[in-house]
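Visitor: Pasting a structure below so you can have a look.
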Amino acid sequence: MKRFTTVLAAASLLFAVAACGGDDEAESGPVTLRYSWWGNADRAALMQKAIDLFQTKNPDIKITPSFQEFEAYWQKMATDTAGGNAPDVLQMDFAYLREYADRGVLYDLKKQQGSLGLDDLLEGLKGAGEVDGGQYGVPVGGNTWGYVYSPAAYAKAGVPEPKLGWTWNDYRSAMEKITRSTGGKMYGGGNYIGTYYNLEVQLRQEGKLLYTEDGKLGFDKPRLAKFFTEGKQLADADIVLPVDKGVQIKPKFALELDLIAGELGWDNFMARYAAATKTELKLGPVPSDNPAQLGQYLKPAMLLSVSARSKHPEQSAKLIDFMINDPEVGAIFGANRGLPATNAQRAAVQLEGPLATVAAYEESIKGQLEKAPPAPPKGAGTIEQAFIRISEELQYGRIGVDQAVDQFFTEAAETLES
């Protein structure tokens, strides 16, 4: 029995030493990171090129990639994060950043400043991805609000083309003149109350925010009533594209079907519009009643985050650093993820056609671009959908301005409190 015990002890010691040796070998061997993003097969092919390049330069880090389309991606991410199985590095949408950060799902990248350089971010994107003092996401691309329009439609109606300094009254007047000059065959524009980003830009021109730092609405009922009234008057006067026509053509856009002369929206939409129509298009500034303040900022097209459960935050931060700073990565992706977020990658991208127009536009107003707003609160996507639905009901004439305002504030309060 004594001899058996001695043998067993020796065997146990040998096993322990072997086990320790295995751990040391695993620690000194390559680290494997799971990296997930949303996108299609085209983006996946570009991503694999970038990953291959990273692994060539960092042979001690291996990447296991995965991707889904946008909706499927977020469904999977909700399941994975709830089950504690989030990937090490994950693509993040600005609308979800605060929600995931507040849930403790994301790692504070300020702890990895030695592995992640953010100094070369475009001035307008510095600070984007911060929540309550922590860095929970890093932008890989960005775009800003703009006005895409047909110069031929403006010339035919005898209306001067948009330029810095034009006001919201100038914009409404231009739409009316174009609509009247065509007899309604082409409208001057869509009704801008259909998206709350137009409300946001007006608020920012007044020094206000759509959402405050603490996740509350940054405007009151009278301000929303003013905005809705502007759109209701345009609809009643038959100056803008009727809401039912706009709904009927979805998922296409009125501008690409030559139904309107211009549209306010994210500047990178210029590429989509230009590809769908033979009409020459230009990109102009957003109207503002405050010439010194356009109210614009670079919105992160997407961000990269690290899971709070990652066992390799340093290597994860190194991967993000590579994806946003390496010029070769910038050349690989071009504008697939939005115009690159860093100066080095923008300089490496060969932009042509509409994307060159977008880059020139952003360069022309970069002196007026402000810091990105706080990450929106949890439920912001639900609130945006409520805004769209309520503004449509208003344009149809099914509800009045006061009812629309009350309904929006009620639904927004319920969402923010849930």
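Letters A, B, ... go to the chains of the structure tokens in the order shown; residues in each chain start at 1; ligands are counted from 1 in the same order.
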Any chance you could list, as a VMD selection string, the residues in range 107-172 of chain A that come up helix (DSSP H, G or I) when DSSP is run on the backbone?

Guide: chain A and resid 109 to 112 123 to 125 151 to 156 168 to 172

Visitor: With only C-alpha atoms as the counted atoms, please give the residues lying no more than 9 Å from Ala347 in chain A, apart from itself and same-chain residues fewer than 4 positions off, as number ranges by chain.

Guide: A: 327, 330-331, 342-343

Visitor: Output C-alpha atoms of each residue in that selection to a file, as an mmCIF file, in the first residue's frame.

Guide:
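The resulting file, again-v1.cif, is reproduced below:
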```cif
data_model
loop_
_atom_site.group_PDB
_atom_site.id
_atom_site.type_symbol
_atom_site.label_atom_id
_atom_site.label_comp_id
_atom_site.auth_asym_id
_atom_site.auth_seq_id
_atom_site.Cartn_x
_atom_site.Cartn_y
_atom_site.Cartn_z
ATOM 1 C CA PRO A 327 -2.415 52.530 -44.564
ATOM 2 C CA GLY A 330 -7.119 51.696 -45.768
ATOM 3 C CA ALA A 331 -6.192 50.883 -49.359
ATOM 4 C CA THR A 342 -7.760 58.275 -39.681
ATOM 5 C CA ASN A 343 -5.670 60.658 -41.764
#
```

Visitor: Give the answer as one residue: which of A:Ala360, A:Ala341, A:Leu319, A:Val329 has the shortest atom-to-atom distance to Met47 in chain A, using only C-alpha atoms?

Guide: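 The shortest atom-to-atom distance to Met47 in chain A comes from A:Val329.
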
Visitor: Pick out the closest residue to Pro374 in chain A from this set: A:Arg43, A:Arg98, A:Lys278, A:Lys185. Count only C-alpha atoms.

Guide: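 Residue with the minimum atom-to-atom distance to Pro374 in chain A: A:Arg98.
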
Visitor: Find, counting only C-alpha atoms, the residue in A:Glu392, A:Asp80, A:Asp289, A:Glu328 that gets nearest to Arg204 in chain A.

Guide: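 When distances to Arg204 in chain A are compared using only C-alpha atoms, the smallest one comes from A:Asp289.
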
Visitor: So that I can see what lies close to Tyr107 in chain A, please list as a list in words the residues with an atom at most 10 Å from it, counting only C-alpha atoms and leaving out residues fewer than 3 positions away in the same chain.

Guide: Asp88, Val89, Ala101, Gly104, Lys110, Lys111, Gln112, Gly134, Gln135, Tyr136, Gly137, Ser305, Val306, Ser307, Ala308, Arg309, Ser310, Pro313 and Ala317 of chain A

Visitor: With the cut-off set at 12 Å and counting only C-alpha atoms, tabulate each residue of range 272-306 of chain A with an atom at most that distance from an atom of range 165-177 of chain A, showing the nearest atom pair and its distance in Å to one decimal, ordered by chain and increasing number, as a Markdown table.

Guide:
```
| residue | atom | partner | partner_atom | distance |
| --- | --- | --- | --- | --- |
| A:Gly284 | CA | A:Trp166 | CA | 10.3 |
| A:Pro285 | CA | A:Trp166 | CA | 8.4 |
| A:Val286 | CA | A:Trp166 | CA | 8.1 |
| A:Pro287 | CA | A:Thr167 | CA | 4.7 |
| A:Ser288 | CA | A:Thr167 | CA | 4.7 |
| A:Asp289 | CA | A:Thr167 | CA | 5.0 |
| A:Asn290 | CA | A:Thr167 | CA | 8.0 |
| A:Pro291 | CA | A:Gly165 | CA | 5.4 |
| A:Ala292 | CA | A:Gly165 | CA | 8.6 |
| A:Gln293 | CA | A:Gly165 | CA | 9.8 |
| A:Leu294 | CA | A:Gly165 | CA | 9.1 |
```

Visitor: Restricted to all heavy atoms, what would the selected residues look like written as a compact mmCIF listing (two decimals), in the first residue's frame?

Guide:
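Contents of part.txt, as written:
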```txt
# COMPACT_ATOMS: atom_id res chain seq x y z
N GLY A 284 -24.02 69.46 -51.59
CA GLY A 284 -23.92 70.80 -51.03
C GLY A 284 -24.11 70.82 -49.53
O GLY A 284 -24.43 69.81 -48.91
N PRO A 285 -23.95 72.00 -48.93
CA PRO A 285 -24.04 72.11 -47.48
C PRO A 285 -25.47 72.06 -46.97
O PRO A 285 -26.43 72.31 -47.71
CB PRO A 285 -23.41 73.48 -47.19
CG PRO A 285 -23.72 74.27 -48.44
CD PRO A 285 -23.62 73.29 -49.57
N VAL A 286 -25.60 71.78 -45.71
CA VAL A 286 -26.90 71.77 -45.03
C VAL A 286 -27.33 73.22 -44.78
O VAL A 286 -26.49 74.05 -44.42
CB VAL A 286 -26.79 71.01 -43.69
CG1 VAL A 286 -28.05 71.15 -42.87
CG2 VAL A 286 -26.48 69.55 -43.95
N PRO A 287 -28.61 73.55 -44.97
CA PRO A 287 -29.04 74.91 -44.64
C PRO A 287 -28.92 75.18 -43.15
O PRO A 287 -29.03 74.26 -42.33
CB PRO A 287 -30.50 74.94 -45.10
CG PRO A 287 -30.93 73.52 -45.16
CD PRO A 287 -29.71 72.73 -45.50
N SER A 288 -28.69 76.44 -42.80
CA SER A 288 -28.59 76.81 -41.39
C SER A 288 -29.00 78.26 -41.20
O SER A 288 -28.63 79.12 -42.00
CB SER A 288 -27.15 76.62 -40.88
OG SER A 288 -27.02 77.08 -39.55
N ASP A 289 -29.76 78.51 -40.16
CA ASP A 289 -30.13 79.89 -39.82
C ASP A 289 -29.05 80.55 -38.99
O ASP A 289 -29.17 81.72 -38.62
CB ASP A 289 -31.47 79.92 -39.07
CG ASP A 289 -32.63 79.48 -39.96
OD1 ASP A 289 -32.52 79.61 -41.20
OD2 ASP A 289 -33.65 79.00 -39.42
N ASN A 290 -28.02 79.81 -38.67
CA ASN A 290 -26.88 80.33 -37.93
C ASN A 290 -25.63 80.09 -38.78
O ASN A 290 -25.05 79.01 -38.75
CB ASN A 290 -26.75 79.61 -36.58
CG ASN A 290 -25.58 80.14 -35.76
OD1 ASN A 290 -24.83 81.03 -36.20
ND2 ASN A 290 -25.40 79.60 -34.56
N PRO A 291 -25.21 81.09 -39.57
CA PRO A 291 -24.10 80.91 -40.51
C PRO A 291 -22.82 80.40 -39.86
O PRO A 291 -22.00 79.74 -40.50
CB PRO A 291 -23.89 82.31 -41.10
CG PRO A 291 -25.19 83.02 -40.87
CD PRO A 291 -25.75 82.46 -39.60
N ALA A 292 -22.63 80.69 -38.58
CA ALA A 292 -21.40 80.29 -37.89
C ALA A 292 -21.46 78.87 -37.38
O ALA A 292 -20.47 78.36 -36.85
CB ALA A 292 -21.11 81.25 -36.74
N GLN A 293 -22.62 78.25 -37.50
CA GLN A 293 -22.77 76.90 -36.94
C GLN A 293 -23.63 76.03 -37.85
O GLN A 293 -24.85 76.19 -37.92
CB GLN A 293 -23.41 77.00 -35.54
CG GLN A 293 -23.23 75.76 -34.70
CD GLN A 293 -23.44 76.05 -33.23
OE1 GLN A 293 -23.57 77.19 -32.82
NE2 GLN A 293 -23.49 75.00 -32.43
N LEU A 294 -22.99 75.08 -38.53
CA LEU A 294 -23.73 74.16 -39.39
C LEU A 294 -24.38 73.05 -38.59
O LEU A 294 -25.29 72.37 -39.09
CB LEU A 294 -22.78 73.55 -40.43
CG LEU A 294 -22.21 74.49 -41.49
CD1 LEU A 294 -21.28 73.72 -42.42
CD2 LEU A 294 -23.34 75.13 -42.29
```

Visitor: How many Å lie between CA of Gln205 in chain A and CA of Trp266 in chain A, rounded to one decimal?

Guide: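 Between CA of Gln205 in chain A and CA of Trp266 in chain A the gap is 16.9 Å.
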
Visitor: What's the 6 Å shell around range 187-202 of chain A, counting only C-alpha atoms, without same-chain residues fewer than 2 positions away, as a VMD selection string?

Guide: chain A and resid 175 178 to 179 184 204 to 205 210 231 240 to 241 260 to 263 295 388 391
